[in-house]
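query-v1.txt (compact mmCIF, C-alpha atoms and all ligand atoms) appears below.
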# COMPACT_ATOMS: atom_id res chain seq x y z
CA MET A 1 -48.12 -19.78 67.27
CA PHE A 2 -44.93 -18.16 65.89
CA LEU A 3 -44.33 -14.43 66.37
CA VAL A 4 -42.09 -13.00 63.63
CA THR A 5 -40.76 -9.45 63.96
CA GLY A 6 -39.39 -7.73 60.88
CA ALA A 7 -41.91 -9.87 58.99
CA THR A 8 -41.78 -7.58 55.94
CA GLY A 9 -37.97 -7.53 55.81
CA GLY A 10 -35.60 -9.55 53.63
CA ILE A 11 -35.29 -12.40 56.12
CA GLY A 12 -38.64 -12.11 57.93
CA ARG A 13 -40.73 -12.27 54.75
CA ARG A 14 -39.03 -15.51 53.71
CA VAL A 15 -39.42 -16.96 57.21
CA VAL A 16 -43.16 -16.27 57.16
CA ARG A 17 -43.44 -17.90 53.71
CA LEU A 18 -41.67 -21.06 54.91
CA LEU A 19 -43.72 -21.30 58.10
CA ARG A 20 -46.97 -20.88 56.18
CA GLN A 21 -45.86 -23.51 53.64
CA GLN A 22 -45.60 -25.83 56.66
CA ASP A 23 -49.09 -24.72 57.76
CA LYS A 24 -47.82 -23.17 60.99
CA SER A 25 -49.76 -20.36 62.67
CA VAL A 26 -47.86 -17.13 62.32
CA ARG A 27 -48.37 -13.73 63.88
CA ALA A 28 -46.52 -11.18 61.75
CA PHE A 29 -45.49 -8.01 63.60
CA VAL A 30 -45.76 -5.16 61.08
CA ARG A 31 -46.09 -1.40 61.07
CA LEU A 32 -49.08 0.40 59.65
CA THR A 33 -46.80 1.68 56.92
CA SER A 34 -45.30 -1.78 56.14
CA ARG A 35 -46.06 -3.57 52.87
CA TYR A 36 -47.70 -6.64 54.39
CA SER A 37 -50.46 -7.72 51.99
CA GLU A 38 -48.42 -10.74 50.79
CA LEU A 39 -48.15 -12.02 54.37
CA GLU A 40 -51.88 -11.66 54.90
CA HIS A 41 -52.47 -13.41 51.62
CA ARG A 42 -50.39 -16.35 52.79
CA GLY A 43 -52.54 -16.70 55.89
CA ALA A 44 -50.38 -15.03 58.55
CA SER A 45 -52.29 -13.08 61.15
CA ILE A 46 -51.24 -9.46 61.08
CA PHE A 47 -50.33 -7.61 64.26
CA VAL A 48 -49.95 -3.90 63.63
CA GLY A 49 -47.67 -2.12 66.05
CA ASP A 50 -44.36 -0.40 66.58
CA LEU A 51 -41.40 -2.17 68.19
CA ARG A 52 -40.46 1.08 69.85
CA ARG A 53 -43.52 0.67 72.07
CA GLU A 54 -43.25 -1.81 74.96
CA LYS A 55 -47.03 -2.19 75.17
CA ASP A 56 -47.21 -3.33 71.54
CA ILE A 57 -44.53 -5.94 72.18
CA GLN A 58 -46.32 -7.19 75.29
CA LYS A 59 -49.58 -7.57 73.39
CA ALA A 60 -47.95 -9.24 70.38
CA CYS A 61 -46.27 -11.87 72.58
CA GLN A 62 -49.42 -13.07 74.28
CA GLY A 63 -50.03 -16.76 73.70
CA VAL A 64 -47.04 -17.34 71.41
CA GLU A 65 -44.81 -20.44 71.62
CA TYR A 66 -41.94 -19.36 69.37
CA ILE A 67 -40.41 -15.95 68.73
CA ILE A 68 -38.26 -15.08 65.73
CA SER A 69 -36.64 -11.69 66.04
CA ALA A 70 -35.74 -10.59 62.51
CA HIS A 71 -36.36 -6.85 62.58
CA GLY A 72 -33.77 -4.24 61.73
CA SER A 73 -33.25 -0.60 62.61
CA ASP A 74 -32.62 2.38 60.40
CA SER A 75 -30.74 4.69 62.69
CA ASP A 76 -32.19 3.78 66.09
CA ALA A 77 -30.09 0.87 67.36
CA LEU A 78 -30.85 1.65 70.99
CA SER A 79 -34.66 1.40 70.64
CA LEU A 80 -34.86 -1.35 68.04
CA ASP A 81 -31.73 -3.51 68.10
CA TYR A 82 -31.39 -3.29 71.87
CA ARG A 83 -34.54 -2.34 73.83
CA ALA A 84 -37.11 -4.07 71.62
CA ASN A 85 -35.16 -7.34 71.76
CA ILE A 86 -34.72 -7.16 75.54
CA GLU A 87 -38.49 -6.66 75.87
CA LEU A 88 -39.16 -9.56 73.47
CA ILE A 89 -36.93 -11.82 75.58
CA ASP A 90 -38.63 -10.72 78.82
CA GLN A 91 -42.02 -11.38 77.26
CA ALA A 92 -40.81 -14.75 75.95
CA LYS A 93 -40.00 -15.72 79.52
CA ALA A 94 -43.32 -14.41 80.84
CA ASN A 95 -45.24 -16.38 78.19
CA GLY A 96 -43.27 -19.63 78.56
CA VAL A 97 -41.97 -19.47 74.99
CA GLN A 98 -40.34 -22.73 73.83
CA HIS A 99 -37.65 -21.32 71.53
CA PHE A 100 -36.31 -17.86 70.65
CA VAL A 101 -34.40 -17.27 67.41
CA PHE A 102 -32.37 -14.08 67.24
CA ILE A 103 -30.77 -12.69 64.08
CA SER A 104 -27.53 -11.10 65.18
CA VAL A 105 -24.62 -10.15 62.90
CA LEU A 106 -21.25 -11.67 62.06
CA GLY A 107 -18.63 -9.87 64.13
CA ALA A 108 -20.99 -8.95 66.98
CA ASP A 109 -18.32 -10.23 69.39
CA ARG A 110 -15.41 -8.25 67.94
CA GLY A 111 -15.92 -5.23 70.21
CA TYR A 112 -16.32 -2.61 67.47
CA GLU A 113 -16.61 0.58 69.54
CA ASP A 114 -18.07 2.82 66.88
CA ALA A 115 -20.88 0.55 65.66
CA PRO A 116 -24.09 0.81 67.73
CA VAL A 117 -25.83 -2.08 65.92
CA PHE A 118 -22.97 -4.48 66.69
CA LYS A 119 -22.87 -3.41 70.34
CA ALA A 120 -26.63 -3.78 70.72
CA LYS A 121 -26.58 -7.25 69.09
CA ARG A 122 -23.84 -8.48 71.43
CA ALA A 123 -25.65 -7.15 74.50
CA VAL A 124 -28.87 -8.91 73.38
CA GLU A 125 -26.97 -12.16 72.69
CA ARG A 126 -25.63 -12.09 76.25
CA TYR A 127 -29.08 -11.39 77.69
CA LEU A 128 -30.60 -14.24 75.70
CA GLU A 129 -27.84 -16.70 76.69
CA ALA A 130 -28.49 -15.91 80.35
CA SER A 131 -32.28 -16.11 80.04
CA ASP A 132 -32.91 -19.85 80.53
CA LEU A 133 -34.89 -19.85 77.27
CA ASN A 134 -34.07 -22.29 74.48
CA TYR A 135 -32.45 -20.15 71.83
CA THR A 136 -30.56 -20.05 68.55
CA ILE A 137 -28.48 -17.03 67.64
CA LEU A 138 -27.59 -16.74 63.97
CA ARG A 139 -24.83 -14.31 63.01
CA PRO A 140 -25.08 -13.72 59.26
CA ALA A 141 -22.54 -12.04 57.01
CA GLY A 142 -24.10 -9.97 54.20
CA LEU A 143 -27.43 -11.11 52.73
CA ALA A 144 -27.70 -11.89 49.03
CA SER A 145 -31.13 -10.22 48.85
CA ASN A 146 -29.48 -6.86 49.64
CA LEU A 147 -27.62 -7.10 46.36
CA LEU A 148 -30.75 -7.46 44.21
CA PRO A 149 -31.38 -3.69 43.82
CA LEU A 150 -27.68 -3.16 43.03
CA ALA A 151 -27.83 -5.94 40.47
CA GLU A 152 -30.90 -4.35 38.86
CA ARG A 153 -29.04 -1.04 38.62
CA PHE A 154 -26.05 -2.84 37.16
CA ARG A 155 -28.29 -4.50 34.57
CA GLU A 156 -29.33 -1.04 33.35
CA THR A 157 -26.07 0.89 33.66
CA GLY A 158 -23.15 -1.55 34.07
CA LEU A 159 -22.07 0.58 37.06
CA TYR A 160 -20.95 -0.73 40.43
CA LEU A 161 -19.92 1.52 43.31
CA LEU A 162 -17.38 -0.14 45.60
CA ILE A 163 -16.54 1.84 48.73
CA GLY A 164 -13.38 0.81 50.59
CA ASP A 165 -10.90 -1.99 50.03
CA PRO A 166 -11.82 -4.22 47.05
CA LYS A 167 -9.73 -7.04 48.53
CA ASN A 168 -11.78 -7.31 51.75
CA ARG A 169 -13.30 -10.76 52.12
CA THR A 170 -16.99 -11.49 52.60
CA SER A 171 -19.23 -14.54 52.51
CA ILE A 172 -22.61 -13.45 51.26
CA VAL A 173 -25.34 -15.87 52.29
CA SER A 174 -28.44 -16.75 50.29
CA THR A 175 -31.33 -15.15 52.20
CA ASP A 176 -33.43 -18.25 51.37
CA ASP A 177 -30.84 -20.53 53.03
CA LEU A 178 -30.80 -18.27 56.06
CA ALA A 179 -34.61 -18.31 56.33
CA ARG A 180 -34.53 -22.09 56.22
CA MET A 181 -31.94 -22.17 59.01
CA VAL A 182 -34.10 -19.83 61.10
CA VAL A 183 -37.12 -22.12 60.79
CA ASP A 184 -35.20 -25.38 61.25
CA SER A 185 -33.34 -24.02 64.31
CA ILE A 186 -36.48 -24.58 66.30
CA THR A 187 -36.56 -28.33 65.78
CA LEU A 188 -32.93 -29.33 65.23
CA GLU A 189 -31.07 -30.48 68.32
CA GLY A 190 -27.73 -29.31 66.85
CA ALA A 191 -28.95 -25.71 66.68
CA ARG A 192 -30.34 -25.51 70.20
CA ASN A 193 -28.60 -22.98 72.46
CA GLN A 194 -25.96 -22.29 69.81
CA ILE A 195 -24.43 -19.12 68.40
CA LEU A 196 -23.75 -19.85 64.74
CA PRO A 197 -21.80 -17.73 62.26
CA VAL A 198 -23.68 -17.86 58.94
CA GLY A 199 -22.12 -17.33 55.53
CA GLY A 200 -22.41 -18.60 51.98
CA PRO A 201 -20.35 -21.45 50.49
CA GLU A 202 -17.53 -19.27 49.10
CA ILE A 203 -15.23 -16.61 50.49
CA LEU A 204 -15.50 -13.73 48.03
CA LEU A 205 -13.42 -10.60 47.65
CA ARG A 206 -15.64 -7.53 47.44
CA GLU A 207 -14.33 -6.95 43.93
CA ASP A 208 -15.73 -10.36 42.94
CA ILE A 209 -19.29 -9.02 43.25
CA PRO A 210 -19.22 -6.82 40.10
CA ARG A 211 -17.46 -9.73 38.34
CA ILE A 212 -20.39 -11.99 39.24
CA PHE A 213 -22.88 -9.34 38.05
CA SER A 214 -20.88 -9.13 34.86
CA ARG A 215 -21.17 -12.88 34.28
CA VAL A 216 -24.86 -12.97 35.18
CA PHE A 217 -25.80 -10.19 32.75
CA SER A 218 -23.02 -10.75 30.16
CA LYS A 219 -22.15 -7.10 30.53
CA GLU A 220 -18.82 -5.47 31.24
CA ALA A 221 -18.58 -3.88 34.70
CA ILE A 222 -17.61 -0.27 35.26
CA VAL A 223 -16.39 -0.27 38.87
CA ILE A 224 -16.14 3.03 40.71
CA ASN A 225 -13.91 2.45 43.71
CA SER A 226 -14.41 5.19 46.26
CA PRO A 227 -12.12 5.49 49.29
CA LEU A 228 -13.51 5.18 52.81
CA PHE A 229 -12.77 8.81 53.69
CA VAL A 230 -15.86 9.75 51.65
CA VAL A 231 -17.95 8.08 54.39
CA ASP A 232 -15.86 9.88 57.03
CA GLY A 233 -16.60 13.19 55.34
CA LEU A 234 -20.31 12.43 55.34
CA ARG A 235 -20.16 11.46 59.01
CA SER A 236 -18.54 14.74 60.00
CA ALA A 237 -21.17 16.66 58.04
CA PHE A 238 -24.03 14.70 59.68
CA GLY A 239 -22.52 15.33 63.11
CA LEU A 240 -23.41 18.99 62.76
CA PHE A 241 -27.15 18.59 62.19
CA ASN A 242 -28.13 14.91 62.50
CA PRO A 243 -26.29 13.03 65.28
CA PRO A 244 -28.42 9.81 64.98
CA ALA A 245 -27.49 9.51 61.30
CA GLN A 246 -23.87 10.10 62.26
CA LYS A 247 -24.05 7.13 64.68
CA ALA A 248 -25.72 4.93 62.07
CA LEU A 249 -22.92 5.77 59.66
CA GLY A 250 -20.52 4.41 62.31
CA THR A 251 -22.10 0.96 61.82
CA TYR A 252 -21.98 1.42 58.04
CA ARG A 253 -18.30 2.37 58.17
CA THR A 254 -17.56 -0.69 60.31
CA LEU A 255 -19.26 -2.88 57.71
CA LEU A 256 -17.25 -1.31 54.90
CA SER A 257 -13.86 -1.30 56.57
CA ASN A 258 -13.73 -4.84 57.95
CA GLU A 259 -13.90 -8.39 56.66
CA PHE A 260 -17.02 -10.47 57.28
CA PHE A 261 -16.57 -14.05 56.19
CA CYS A 262 -17.04 -17.53 57.60
CA THR A 263 -14.27 -20.09 57.56
CA LYS A 264 -14.66 -23.31 55.57
CA GLU A 265 -15.11 -25.16 58.89
CA GLU A 266 -17.93 -22.84 59.92
CA THR A 267 -19.85 -23.29 56.68
CA ALA A 268 -19.27 -27.06 56.76
CA ASN A 269 -20.70 -27.04 60.30
CA LEU A 270 -23.81 -25.21 59.08
CA GLU A 271 -24.31 -27.65 56.21
CA ARG A 272 -24.02 -30.53 58.67
CA ILE A 273 -26.38 -29.13 61.32
CA PHE A 274 -29.04 -28.01 58.83
CA ASN A 275 -28.50 -30.78 56.30
CA LEU A 276 -28.36 -28.39 53.35
CA GLN A 277 -26.01 -27.38 50.60
CA LEU A 278 -25.41 -23.63 50.78
CA GLU A 279 -26.27 -21.73 47.64
CA SER A 280 -23.70 -19.53 45.89
CA LEU A 281 -24.34 -15.82 45.30
CA GLU A 282 -24.36 -16.36 41.54
CA SER A 283 -27.03 -19.04 41.75
CA PHE A 284 -29.18 -16.84 44.04
CA LEU A 285 -28.94 -13.90 41.63
CA ARG A 286 -29.75 -16.03 38.58
CA ARG A 287 -32.83 -17.45 40.31
CA TYR A 288 -34.21 -14.03 41.24
CA LEU A 289 -33.22 -12.18 38.10
CA ALA A 290 -34.20 -15.02 35.77
CA VAL A 291 -31.01 -14.97 33.70
N1 LIG A 301 -29.07 -7.16 55.65
C1 LIG A 301 -27.92 -7.73 55.97
O1 LIG A 301 -26.98 -7.87 55.17
C2 LIG A 301 -27.74 -8.27 57.36
C3 LIG A 301 -26.54 -8.88 57.72
C4 LIG A 301 -26.40 -9.38 59.01
C5 LIG A 301 -27.43 -9.26 59.92
N2 LIG A 301 -28.60 -8.65 59.53
C6 LIG A 301 -29.68 -8.54 60.53
O2 LIG A 301 -30.80 -9.27 60.05
C7 LIG A 301 -32.01 -8.67 60.51
C8 LIG A 301 -32.97 -8.51 59.36
O3 LIG A 301 -32.31 -7.85 58.31
P1 LIG A 301 -33.07 -7.59 56.92
O4 LIG A 301 -32.05 -7.09 55.96
O5 LIG A 301 -33.92 -8.76 56.63
O6 LIG A 301 -34.01 -6.37 57.39
P2 LIG A 301 -34.76 -5.32 56.47
O7 LIG A 301 -35.06 -5.91 55.13
O8 LIG A 301 -34.00 -4.03 56.56
O9 LIG A 301 -36.13 -5.18 57.26
C9 LIG A 301 -36.23 -4.58 58.50
C10 LIG A 301 -37.56 -5.00 59.10
O10 LIG A 301 -37.71 -4.41 60.40
C11 LIG A 301 -38.96 -3.76 60.45
N3 LIG A 301 -38.95 -2.62 61.36
C12 LIG A 301 -38.09 -1.58 61.37
N4 LIG A 301 -38.43 -0.70 62.34
C13 LIG A 301 -39.54 -1.20 62.94
C14 LIG A 301 -40.39 -0.75 64.01
N5 LIG A 301 -40.15 0.41 64.65
N6 LIG A 301 -41.44 -1.52 64.36
C15 LIG A 301 -41.73 -2.68 63.71
N7 LIG A 301 -40.96 -3.17 62.70
C16 LIG A 301 -39.89 -2.42 62.32
C17 LIG A 301 -39.21 -3.29 59.02
O11 LIG A 301 -40.57 -2.98 58.81
P3 LIG A 301 -41.05 -2.04 57.57
O12 LIG A 301 -41.35 -2.99 56.43
O13 LIG A 301 -42.25 -1.37 58.10
O14 LIG A 301 -39.92 -1.10 57.26
C18 LIG A 301 -38.76 -4.54 58.26
O15 LIG A 301 -39.74 -5.53 58.29
C19 LIG A 301 -31.61 -7.37 61.18
O16 LIG A 301 -31.60 -7.57 62.58
C20 LIG A 301 -30.20 -7.13 60.69
O17 LIG A 301 -29.42 -6.42 61.64
C21 LIG A 301 -28.78 -8.16 58.29

If you took the structure in this file and wrote it as structure tokens, what would it be?
Ligand SMILES: NC(=O)c1ccc[n+]([C@@H]2O[C@H](COP(=O)([O-])OP(=O)(O)OC[C@H]3O[C@@H](n4cnc5c(N)ncnc54)[C@H](OP(=O)(O)O)[C@@H]3O)[C@@H](O)[C@H]2O)c1
Amino acid sequence: MFLVTGATGGIGRRVVRLLRQQDKSVRAFVRLTSRYSELEHRGASIFVGDLRREKDIQKACQGVEYIISAHGSDSDALSLDYRANIELIDQAKANGVQHFVFISVLGADRGYEDAPVFKAKRAVERYLEASDLNYTILRPAGLASNLLPLAERFRETGLYLLIGDPKNRTSIVSTDDLARMVVDSITLEGARNQILPVGGPEILLREDIPRIFSRVFSKEAIVINSPLFVVDGLRSAFGLFNPPAQKALGTYRTLLSNEFFCTKEETANLERIFNLQLESLESFLRRYLAV
């Protein structure tokens, strides 16, 4: 039995699909408010709970052999990115779990002080490494599926909002490739007890993204390039009445103001371990948007 957290998210949903295609038993951890009917339809068993509650995690982990932690957090990195994962790892040990896959983030080890999600991910990575469990830690750059809503908006308006330096490099990974790596990590020797940076096949500049949209939709791009101090202004305003949102914006600012890309060697290593050819962002978008 596989337990998948974040089973309704961009990565988790695809992981559940792949596991069910292979006829594996899956327990999908969802919230009552989650949109989970597709998972049920595919034959996953649905566990309704909240990852903020230890008791729910304990119950969900009973009798499982594999755990895939793919949940995210909106503005509560401490409860969700940190505490929930520590509890999942403790429960994995208590239940004799055979392999634990953790979705971290590229740059988790760079010591960003102002980014709670990055700090939580690094602390969890360390805890997992020291746990004696078999594990795979995947550190993705940006996910291609995140760009789908932006692409849809571009299709209608031709507009693209680019905050920060357009020359910053990124290697967006196909969310389908990532899901496949998550699932294959469990069986492939080369992925066992590894921390792997995960990116797509090309190093893009952020300004390349509207260019790709433009090609995909044969539509000229109107790029609005906003400076980073707009985010700083928002953060100061939030500090007055919503400190959690202010902290979450710290992670967002870190994502916007730094480069997140994999080297050619790192992507070649991924292709070798997982025996796949990484998909480009343009190909991913064309598949999903049918153009
Ligand atoms: N997106 C990226 O570009 C990116 C890049 C690098 C790393 N990552 C990491 O990859 C992981 C997955 O990202 P994603 O983009 O696939 O996530 P996502 O689409 O934002 O989905 C988040 C998932 O977490 C679930 N969740 C949130 N709070 C929960 C709670 N209290 N209890 C139970 N479930 C809860 C959500 O359930 P609901 O459906 O109920 O909301 C959803 O299934 C995250 O750990 C993220 O940090 C993402």

In Å, how far is it from atom CA of A:Lys247 to atom CA of A:Leu234? 11.4 Å

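Remark: for A:Ser171, the closest of the candidate residues A:Asp114, A:Asp232, A:Asp208, A:Glu220 is A:Asp208 (distances computed over all atoms listed in the file).
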
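Excluding A:Gly111 itself and any same-chain residue fewer than 3 positions from it, the protein and nucleic acid residues within 12 Å of it, counting only C-alpha atoms, are A:Leu106, A:Gly107, A:Ala108, A:Asp114, A:Ala115, A:Pro116, A:Val117, A:Phe118, A:Lys119, A:Ala120, A:Lys121, A:Arg122, A:Ala123, A:Thr254.
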
Save out the residues we just selected, C-alpha atoms, as a PDB file, in the frame of the given file.
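Final output, saved to out27.pdb:
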ATOM      1  CA  LEU A 106     -21.250 -11.670  62.060  1.00  0.00           C
ATOM      2  CA  GLY A 107     -18.630  -9.870  64.130  1.00  0.00           C
ATOM      3  CA  ALA A 108     -20.990  -8.950  66.980  1.00  0.00           C
ATOM      4  CA  ASP A 114     -18.070   2.820  66.880  1.00  0.00           C
ATOM      5  CA  ALA A 115     -20.880   0.550  65.660  1.00  0.00           C
ATOM      6  CA  PRO A 116     -24.090   0.810  67.730  1.00  0.00           C
ATOM      7  CA  VAL A 117     -25.830  -2.080  65.920  1.00  0.00           C
ATOM      8  CA  PHE A 118     -22.970  -4.480  66.690  1.00  0.00           C
ATOM      9  CA  LYS A 119     -22.870  -3.410  70.340  1.00  0.00           C
ATOM     10  CA  ALA A 120     -26.630  -3.780  70.720  1.00  0.00           C
ATOM     11  CA  LYS A 121     -26.580  -7.250  69.090  1.00  0.00           C
ATOM     12  CA  ARG A 122     -23.840  -8.480  71.430  1.00  0.00           C
ATOM     13  CA  ALA A 123     -25.650  -7.150  74.500  1.00  0.00           C
ATOM     14  CA  THR A 254     -17.560  -0.690  60.310  1.00  0.00           C
TER      15      THR A 254
END

Selection within 9 Å of ligand LIG 301 (chain A) by only C-alpha atoms and all ligand atoms, output as a PDB file with C-alpha atoms, keeping the file's coordinate frame:
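Okay, this is what ended up in pocket17.pdb:
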ATOM      1  CA  THR A   5     -40.760  -9.450  63.960  1.00  0.00           C
ATOM      2  CA  GLY A   6     -39.390  -7.730  60.880  1.00  0.00           C
ATOM      3  CA  ALA A   7     -41.910  -9.870  58.990  1.00  0.00           C
ATOM      4  CA  THR A   8     -41.780  -7.580  55.940  1.00  0.00           C
ATOM      5  CA  GLY A   9     -37.970  -7.530  55.810  1.00  0.00           C
ATOM      6  CA  GLY A  10     -35.600  -9.550  53.630  1.00  0.00           C
ATOM      7  CA  ILE A  11     -35.290 -12.400  56.120  1.00  0.00           C
ATOM      8  CA  GLY A  12     -38.640 -12.110  57.930  1.00  0.00           C
ATOM      9  CA  ARG A  13     -40.730 -12.270  54.750  1.00  0.00           C
ATOM     10  CA  ARG A  14     -39.030 -15.510  53.710  1.00  0.00           C
ATOM     11  CA  PHE A  29     -45.490  -8.010  63.600  1.00  0.00           C
ATOM     12  CA  VAL A  30     -45.760  -5.160  61.080  1.00  0.00           C
ATOM     13  CA  ARG A  31     -46.090  -1.400  61.070  1.00  0.00           C
ATOM     14  CA  LEU A  32     -49.080   0.400  59.650  1.00  0.00           C
ATOM     15  CA  THR A  33     -46.800   1.680  56.920  1.00  0.00           C
ATOM     16  CA  SER A  34     -45.300  -1.780  56.140  1.00  0.00           C
ATOM     17  CA  ARG A  35     -46.060  -3.570  52.870  1.00  0.00           C
ATOM     18  CA  TYR A  36     -47.700  -6.640  54.390  1.00  0.00           C
ATOM     19  CA  VAL A  48     -49.950  -3.900  63.630  1.00  0.00           C
ATOM     20  CA  GLY A  49     -47.670  -2.120  66.050  1.00  0.00           C
ATOM     21  CA  ASP A  50     -44.360  -0.400  66.580  1.00  0.00           C
ATOM     22  CA  LEU A  51     -41.400  -2.170  68.190  1.00  0.00           C
ATOM     23  CA  ARG A  52     -40.460   1.080  69.850  1.00  0.00           C
ATOM     24  CA  ARG A  53     -43.520   0.670  72.070  1.00  0.00           C
ATOM     25  CA  SER A  69     -36.640 -11.690  66.040  1.00  0.00           C
ATOM     26  CA  ALA A  70     -35.740 -10.590  62.510  1.00  0.00           C
ATOM     27  CA  HIS A  71     -36.360  -6.850  62.580  1.00  0.00           C
ATOM     28  CA  GLY A  72     -33.770  -4.240  61.730  1.00  0.00           C
ATOM     29  CA  SER A  73     -33.250  -0.600  62.610  1.00  0.00           C
ATOM     30  CA  ASP A  74     -32.620   2.380  60.400  1.00  0.00           C
ATOM     31  CA  ASP A  76     -32.190   3.780  66.090  1.00  0.00           C
ATOM     32  CA  SER A  79     -34.660   1.400  70.640  1.00  0.00           C
ATOM     33  CA  LEU A  80     -34.860  -1.350  68.040  1.00  0.00           C
ATOM     34  CA  ASP A  81     -31.730  -3.510  68.100  1.00  0.00           C
ATOM     35  CA  ALA A  84     -37.110  -4.070  71.620  1.00  0.00           C
ATOM     36  CA  PHE A 102     -32.370 -14.080  67.240  1.00  0.00           C
ATOM     37  CA  ILE A 103     -30.770 -12.690  64.080  1.00  0.00           C
ATOM     38  CA  SER A 104     -27.530 -11.100  65.180  1.00  0.00           C
ATOM     39  CA  VAL A 105     -24.620 -10.150  62.900  1.00  0.00           C
ATOM     40  CA  LEU A 106     -21.250 -11.670  62.060  1.00  0.00           C
ATOM     41  CA  VAL A 117     -25.830  -2.080  65.920  1.00  0.00           C
ATOM     42  CA  PHE A 118     -22.970  -4.480  66.690  1.00  0.00           C
ATOM     43  CA  LYS A 121     -26.580  -7.250  69.090  1.00  0.00           C
ATOM     44  CA  LEU A 138     -27.590 -16.740  63.970  1.00  0.00           C
ATOM     45  CA  ARG A 139     -24.830 -14.310  63.010  1.00  0.00           C
ATOM     46  CA  PRO A 140     -25.080 -13.720  59.260  1.00  0.00           C
ATOM     47  CA  ALA A 141     -22.540 -12.040  57.010  1.00  0.00           C
ATOM     48  CA  GLY A 142     -24.100  -9.970  54.200  1.00  0.00           C
ATOM     49  CA  LEU A 143     -27.430 -11.110  52.730  1.00  0.00           C
ATOM     50  CA  ALA A 144     -27.700 -11.890  49.030  1.00  0.00           C
ATOM     51  CA  SER A 145     -31.130 -10.220  48.850  1.00  0.00           C
ATOM     52  CA  ASN A 146     -29.480  -6.860  49.640  1.00  0.00           C
ATOM     53  CA  LEU A 147     -27.620  -7.100  46.360  1.00  0.00           C
ATOM     54  CA  ILE A 172     -22.610 -13.450  51.260  1.00  0.00           C
ATOM     55  CA  VAL A 173     -25.340 -15.870  52.290  1.00  0.00           C
ATOM     56  CA  THR A 175     -31.330 -15.150  52.200  1.00  0.00           C
ATOM     57  CA  VAL A 198     -23.680 -17.860  58.940  1.00  0.00           C
TER      58      VAL A 198
END

Which residue of A:Asn225, A:Ser236, A:Ser185, A:Ser174 approaches A:Tyr288 most closely, using only C-alpha atoms: A:Ser174

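The gap separating atom CA of A:Phe2 from atom CA of A:Gly96 is 12.9 Å, in Å to one decimal.
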
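For the pair atom CA of A:Phe47 and atom CA of A:Ala60, the interatomic distance is 6.8 Å.
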
Filled-in N, CA and C atoms of stretch 82-93 of chain A, supplied as a PDB file, in the frame of the given file:
ATOM      1  N   TYR A  82     -31.586  -2.943  70.457  1.00  0.00           N
ATOM      2  CA  TYR A  82     -31.390  -3.290  71.870  1.00  0.00           C
ATOM      3  C   TYR A  82     -32.721  -3.417  72.622  1.00  0.00           C
ATOM      4  N   ARG A  83     -33.381  -2.292  72.905  1.00  0.00           N
ATOM      5  CA  ARG A  83     -34.540  -2.340  73.830  1.00  0.00           C
ATOM      6  C   ARG A  83     -35.643  -3.275  73.368  1.00  0.00           C
ATOM      7  N   ALA A  84     -35.999  -3.225  72.102  1.00  0.00           N
ATOM      8  CA  ALA A  84     -37.110  -4.070  71.620  1.00  0.00           C
ATOM      9  C   ALA A  84     -36.782  -5.545  71.810  1.00  0.00           C
ATOM     10  N   ASN A  85     -35.533  -5.924  71.591  1.00  0.00           N
ATOM     11  CA  ASN A  85     -35.160  -7.340  71.760  1.00  0.00           C
ATOM     12  C   ASN A  85     -35.146  -7.751  73.229  1.00  0.00           C
ATOM     13  N   ILE A  86     -34.703  -6.847  74.099  1.00  0.00           N
ATOM     14  CA  ILE A  86     -34.720  -7.160  75.540  1.00  0.00           C
ATOM     15  C   ILE A  86     -36.172  -7.378  75.973  1.00  0.00           C
ATOM     16  N   GLU A  87     -37.067  -6.522  75.511  1.00  0.00           N
ATOM     17  CA  GLU A  87     -38.490  -6.660  75.870  1.00  0.00           C
ATOM     18  C   GLU A  87     -39.058  -7.962  75.289  1.00  0.00           C
ATOM     19  N   LEU A  88     -38.679  -8.293  74.065  1.00  0.00           N
ATOM     20  CA  LEU A  88     -39.160  -9.560  73.470  1.00  0.00           C
ATOM     21  C   LEU A  88     -38.693 -10.754  74.306  1.00  0.00           C
ATOM     22  N   ILE A  89     -37.449 -10.707  74.775  1.00  0.00           N
ATOM     23  CA  ILE A  89     -36.930 -11.820  75.580  1.00  0.00           C
ATOM     24  C   ILE A  89     -37.664 -11.884  76.927  1.00  0.00           C
ATOM     25  N   ASP A  90     -37.883 -10.733  77.538  1.00  0.00           N
ATOM     26  CA  ASP A  90     -38.630 -10.720  78.820  1.00  0.00           C
ATOM     27  C   ASP A  90     -40.035 -11.280  78.613  1.00  0.00           C
ATOM     28  N   GLN A  91     -40.665 -10.888  77.530  1.00  0.00           N
ATOM     29  CA  GLN A  91     -42.020 -11.380  77.260  1.00  0.00           C
ATOM     30  C   GLN A  91     -42.004 -12.864  76.902  1.00  0.00           C
ATOM     31  N   ALA A  92     -40.934 -13.316  76.262  1.00  0.00           N
ATOM     32  CA  ALA A  92     -40.810 -14.750  75.950  1.00  0.00           C
ATOM     33  C   ALA A  92     -40.794 -15.541  77.252  1.00  0.00           C
ATOM     34  N   LYS A  93     -40.055 -15.025  78.223  1.00  0.00           N
ATOM     35  CA  LYS A  93     -40.000 -15.720  79.520  1.00  0.00           C
ATOM     36  C   LYS A  93     -41.377 -15.700  80.181  1.00  0.00           C
TER      37      LYS A  93
END
